[in-house]
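Asks: Got a structure for you, entry-v8.cif, holding mmCIF, C-alpha atoms.
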```
data_coords
#
loop_
_atom_site.label_atom_id
_atom_site.label_comp_id
_atom_site.auth_asym_id
_atom_site.auth_seq_id
_atom_site.Cartn_x
_atom_site.Cartn_y
_atom_site.Cartn_z
CA GLN A 1 -17.03 2.70 -7.14
CA THR A 2 -14.00 1.60 -5.11
CA VAL A 3 -11.16 0.08 -7.12
CA THR A 4 -9.13 -2.81 -5.77
CA TYR A 5 -5.57 -3.12 -7.11
CA PRO A 6 -4.39 -4.73 -9.26
CA PHE A 7 -7.13 -4.55 -11.87
CA GLU A 8 -7.14 -5.14 -15.60
CA PRO A 9 -9.10 -2.32 -17.24
CA LYS A 10 -11.28 -3.15 -20.23
CA SER A 11 -12.31 0.51 -20.65
CA THR A 12 -11.52 3.85 -19.03
CA ARG A 13 -14.55 3.55 -16.75
CA PHE A 14 -12.52 2.99 -13.57
CA LEU A 15 -9.39 4.88 -14.57
CA VAL A 16 -8.40 7.93 -12.56
CA ALA A 17 -5.57 10.38 -13.19
CA GLY A 18 -2.63 9.22 -11.08
CA GLN A 19 -3.10 5.47 -11.46
CA PHE A 20 -0.01 3.61 -12.64
CA TRP A 21 1.10 0.33 -14.16
CA PRO A 22 4.46 -1.45 -14.40
CA ILE A 23 6.17 -1.80 -17.76
CA ARG A 24 8.77 -4.57 -17.81
CA LEU A 25 11.81 -3.71 -19.91
CA SER A 26 13.92 -6.18 -21.86
CA SER A 27 16.68 -5.70 -19.24
CA GLY A 28 14.35 -7.13 -16.58
CA ARG A 29 13.97 -3.72 -14.90
CA TYR A 30 10.64 -1.94 -14.60
CA CYS A 31 9.50 1.52 -15.57
CA CYS A 32 6.14 3.11 -14.90
CA GLY A 33 3.21 4.21 -17.04
CA ARG A 34 0.79 6.71 -15.58
CA VAL A 35 -2.77 7.84 -16.30
CA MET A 36 -2.48 11.61 -16.77
CA ARG A 37 -5.94 12.71 -17.91
CA LEU A 38 -9.19 11.20 -19.13
CA TYR A 39 -11.38 12.66 -21.86
CA PRO A 40 -14.99 12.11 -20.70
CA ASP A 41 -16.27 14.96 -22.88
CA VAL A 42 -14.96 13.47 -26.15
CA PRO A 43 -17.37 10.70 -27.21
CA GLN A 44 -14.95 8.73 -29.40
CA TRP A 45 -12.32 8.69 -26.61
CA LYS A 46 -14.61 8.42 -23.59
CA SER A 47 -14.37 4.67 -23.07
CA ARG A 48 -11.00 3.83 -24.60
CA GLY A 49 -8.58 6.79 -24.77
CA PHE A 50 -6.57 8.77 -22.24
CA LEU A 51 -3.41 10.83 -21.88
CA ALA A 52 -0.60 8.63 -20.56
CA GLY A 53 2.76 9.53 -19.10
CA LEU A 54 6.02 7.64 -18.94
CA MET A 55 7.58 8.29 -15.55
CA ASP A 56 11.25 9.22 -15.31
CA TRP A 57 11.74 6.23 -13.02
CA SER A 58 13.01 2.67 -13.25
CA ASP A 59 13.90 -0.03 -10.74
CA VAL A 60 14.45 -3.76 -10.40
CA GLU A 61 11.07 -4.00 -8.62
CA PRO A 62 7.66 -2.93 -9.99
CA PRO A 63 6.52 0.60 -9.09
CA THR A 64 4.63 1.33 -5.89
CA SER A 65 3.10 4.62 -4.75
CA GLN A 66 6.11 5.03 -2.42
CA THR A 67 8.84 4.28 -4.97
CA ILE A 68 7.46 6.69 -7.60
CA ASP A 69 7.34 9.53 -5.05
CA GLY A 70 9.02 12.51 -6.70
CA PRO A 71 9.89 11.71 -10.33
CA GLN A 72 8.19 13.60 -13.16
CA THR A 73 7.12 12.28 -16.54
CA CYS A 74 9.68 12.18 -19.33
CA ALA A 75 7.07 11.80 -22.11
CA GLN A 76 3.31 12.02 -22.54
CA GLY A 77 0.97 11.00 -25.35
CA PHE A 78 -2.55 9.92 -26.20
CA VAL A 79 -3.11 6.16 -25.88
CA THR A 80 -5.92 3.65 -25.82
CA ILE A 81 -6.71 1.21 -23.04
CA LYS A 82 -4.88 -1.51 -25.03
CA THR A 83 -1.61 0.21 -24.07
CA ILE A 84 -2.06 -0.94 -20.47
CA GLN A 85 -3.16 -4.40 -21.58
CA GLU A 86 -0.16 -4.86 -23.88
CA THR A 87 2.61 -3.25 -21.82
CA GLY A 88 1.73 -4.15 -18.26
CA SER A 89 -1.68 -5.85 -18.20
CA ALA A 90 -2.93 -4.25 -14.98
CA ILE A 91 -3.20 -1.01 -13.07
CA THR A 92 -1.36 -1.76 -9.83
CA GLY A 93 -1.85 1.40 -7.80
CA MET A 94 -2.67 5.07 -7.46
CA ARG A 95 -0.65 8.12 -6.45
CA ASP A 96 -2.23 11.55 -6.75
CA LEU A 97 -0.36 13.53 -9.42
CA ALA A 98 -0.61 16.69 -7.30
CA LEU A 99 1.57 15.13 -4.58
CA ASP A 100 4.52 15.36 -6.99
CA GLY A 101 3.42 18.48 -8.87
CA ILE A 102 2.79 16.48 -12.05
CA GLU A 103 0.45 17.96 -14.65
CA PRO A 104 -0.41 17.14 -18.24
CA ASP A 105 2.25 18.48 -20.63
CA LEU A 106 1.53 21.40 -22.89
CA PHE A 107 1.33 20.56 -26.59
CA ILE A 108 0.52 22.30 -29.81
CA THR A 109 -2.12 21.12 -32.24
CA PHE A 110 -3.64 22.44 -35.42
CA SER A 111 -7.35 23.11 -35.46
CA GLY A 112 -9.95 24.08 -38.04
CA ARG A 113 -9.85 24.86 -41.73
CA GLU A 114 -7.34 27.65 -41.24
CA ALA A 115 -5.03 25.25 -39.39
CA VAL A 116 -4.80 27.55 -36.39
CA CYS A 117 -2.02 26.41 -34.05
CA MET A 118 -3.46 25.93 -30.57
CA LEU A 119 -1.85 25.41 -27.17
CA THR A 120 -3.35 22.37 -25.44
CA ASP A 121 -2.84 20.32 -22.29
CA GLY A 122 -3.70 17.11 -24.01
CA TYR A 123 -7.01 17.33 -25.81
CA HIS A 124 -8.24 20.56 -24.17
CA HIS A 125 -7.53 23.72 -26.14
CA ILE A 126 -6.22 26.55 -23.96
CA ARG A 127 -5.61 29.33 -26.52
CA ARG A 128 -3.72 30.12 -29.72
CA ALA A 129 -0.07 29.12 -29.43
CA THR A 130 2.58 31.83 -29.51
CA ASP A 131 5.49 31.73 -31.97
CA ASP A 132 7.76 30.64 -29.11
CA GLU A 133 5.41 27.78 -28.12
CA ARG A 134 5.13 26.62 -31.73
CA GLY A 135 8.92 26.44 -31.84
CA ARG A 136 9.57 24.55 -28.62
CA LEU A 137 6.53 22.38 -27.80
CA SER A 138 5.76 18.97 -29.26
CA ALA A 139 2.65 18.29 -31.28
CA PHE A 140 -0.09 16.41 -29.45
CA ALA A 141 0.19 12.89 -30.83
CA GLY A 142 -1.38 9.51 -30.45
CA TRP A 143 0.89 6.63 -29.51
CA THR A 144 0.61 3.06 -30.73
CA CYS A 145 0.05 0.47 -28.01
CA ASP A 146 3.75 -0.37 -27.66
CA HIS A 147 5.12 3.17 -28.12
CA ILE A 148 5.43 3.89 -24.39
CA LYS A 149 7.50 0.71 -23.96
CA ARG A 150 9.72 1.57 -26.94
CA LEU A 151 10.29 5.06 -25.46
CA ALA A 152 11.17 3.48 -22.12
CA GLU A 153 13.60 1.00 -23.70
CA LYS A 154 15.39 3.89 -25.42
CA HIS A 155 15.27 6.19 -22.36
CA TYR A 156 16.64 3.51 -20.02
CA ALA A 157 19.13 1.86 -22.40
CA HIS A 158 22.04 3.30 -20.37
CA GLU A 159 20.65 1.80 -17.15
CA ALA A 160 20.17 -1.57 -18.83
CA ALA A 161 23.85 -1.58 -19.88
CA SER A 162 25.09 -0.74 -16.38
CA TYR A 163 22.60 -3.16 -14.78
CA GLU A 164 23.81 -6.02 -16.99
CA GLY A 165 27.43 -5.14 -16.25
CA SER A 166 27.07 -5.28 -12.47
#
```
Step by step, read the file and then write its structure as structure tokens.

Replies:
Amino acid sequence: QTVTYPFEPKSTRFLVAGQFWPIRLSSGRYCCGRVMRLYPDVPQWKSRGFLAGLMDWSDVEPPTSQTIDGPQTCAQGFVTIKTIQETGSAITGMRDLALDGIEPDLFITFSGREAVCMLTDGYHHIRRATDDERGRLSAFAGWTCDHIKRLAEKHYAHEAASYEGS
């Protein structure tokens, strides 16, 4: 199925890794949310959940595939489709993550009765985490619908101050 932008997703059915949506900050500037990975093999997440990224990018205009050329993500977390609906309302475009060398972050998570610490790239377990990885990587966590916007407000607070002062 061909997707026409912008579109307001009701499920993950037409989401593809690399799609993005604008997140309007309280300063009036925009930042960018990104679809990082879908979880089609996990029944409870198949239609609603995905790994999202907050791009290390902001501007006075909404993101386009040209303007987000280059920046990496500054944070990633598991979200539901409501995140797009509540922080931007619509997917406005697509830029292949590979063009900028962007991949899902590595996380640690605890699995099983023995609480084995695993290295993951989102939901997918890669292997047992090393002591070093347990010490430096973040735990794989779910974000509330507005968490990505709150992270962006905090991350771009310095830009908002200089933008308001100009």

Asks: Excluding Thr109 (chain A) and any residue of its chain fewer than 5 positions from it, enumerate the residues within 7 Å of it, using all atoms listed in the file, and give them as a PyMOL selection string.

Replies: chain A and resi 117-119+139-140

Asks: May I ask for the distance between CA of Asp56 (chain A) and CA of Pro71 (chain A), given in Å to one decimal place?

Replies: 5.7 Å

Asks: As a check of understanding, name the residues that the PyMOL selection byres ((chain A and resi 133) around 10) selects in the supplied structure, as a list of chain:residue names.

Replies: A:Leu106, A:Phe107, A:Ile108, A:Cys117, A:Met118, A:Leu119, A:Arg128, A:Ala129, A:Thr130, A:Asp131, A:Asp132, A:Arg134, A:Gly135, A:Arg136, A:Leu137, A:Ser138

Asks: Restricting the calculation to all atoms listed in the file: of A:Pro22, A:Thr4, A:Gly142, A:Ala17, which residue gets closest to Gln85 (chain A)?

Replies: A:Pro22

Asks: For Asp59 (chain A), find every residue with an atom within 9 Å (counting only C-alpha atoms), except residues of its own chain fewer than 3 positions away, and show them as a list in words.

Replies: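 Everything that qualifies: Arg29, Tyr30, Cys31, Pro62, Pro63 and Thr67 of chain A.
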
Asks: Would you kindly return, as a PyMOL selection string, each protein, DNA or RNA residue with an atom no farther than 6 Å from any atom of Thr80 (chain A), considering all atoms listed in the file and excluding same-chain residues fewer than 3 positions away?

Replies: chain A and resi 48-49+83

Asks: Expressed in Å to a single decimal, how great is the separation between CA of Met36 (chain A) and CA of Arg127 (chain A)?

Replies: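 Distance reported for this atom pair: 20.5 Å.
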
Asks: With distances taken over only C-alpha atoms, which residue among A:Gly70, A:Gly101, A:Gly93, A:Gly33 lies nearest Asp146 (chain A)?

Replies: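 Among the listed residues, A:Gly33 lies closest to Asp146 (chain A).
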
Asks: Between CA of Gly53 (chain A) and CA of His125 (chain A), measure the distance and give it in Å to one decimal.

Replies: 18.9 Å

Asks: Apply the PyMOL selection byres ((chain A and resi 91) around 12) to the structure shown and report the selected residues as an NGL selection string.

Replies: :A and (3-12 or 14-23 or 32-35 or 62-65 or 81 or 83-90 or 92-95)

Asks: Pick from A:Tyr156, A:Leu97, A:Ile102, A:Leu25: nearest to Glu61 (chain A), with all atoms listed in the file counted?

Replies: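 Checking each candidate against Glu61 (chain A), we get A:Leu25 as the closest.
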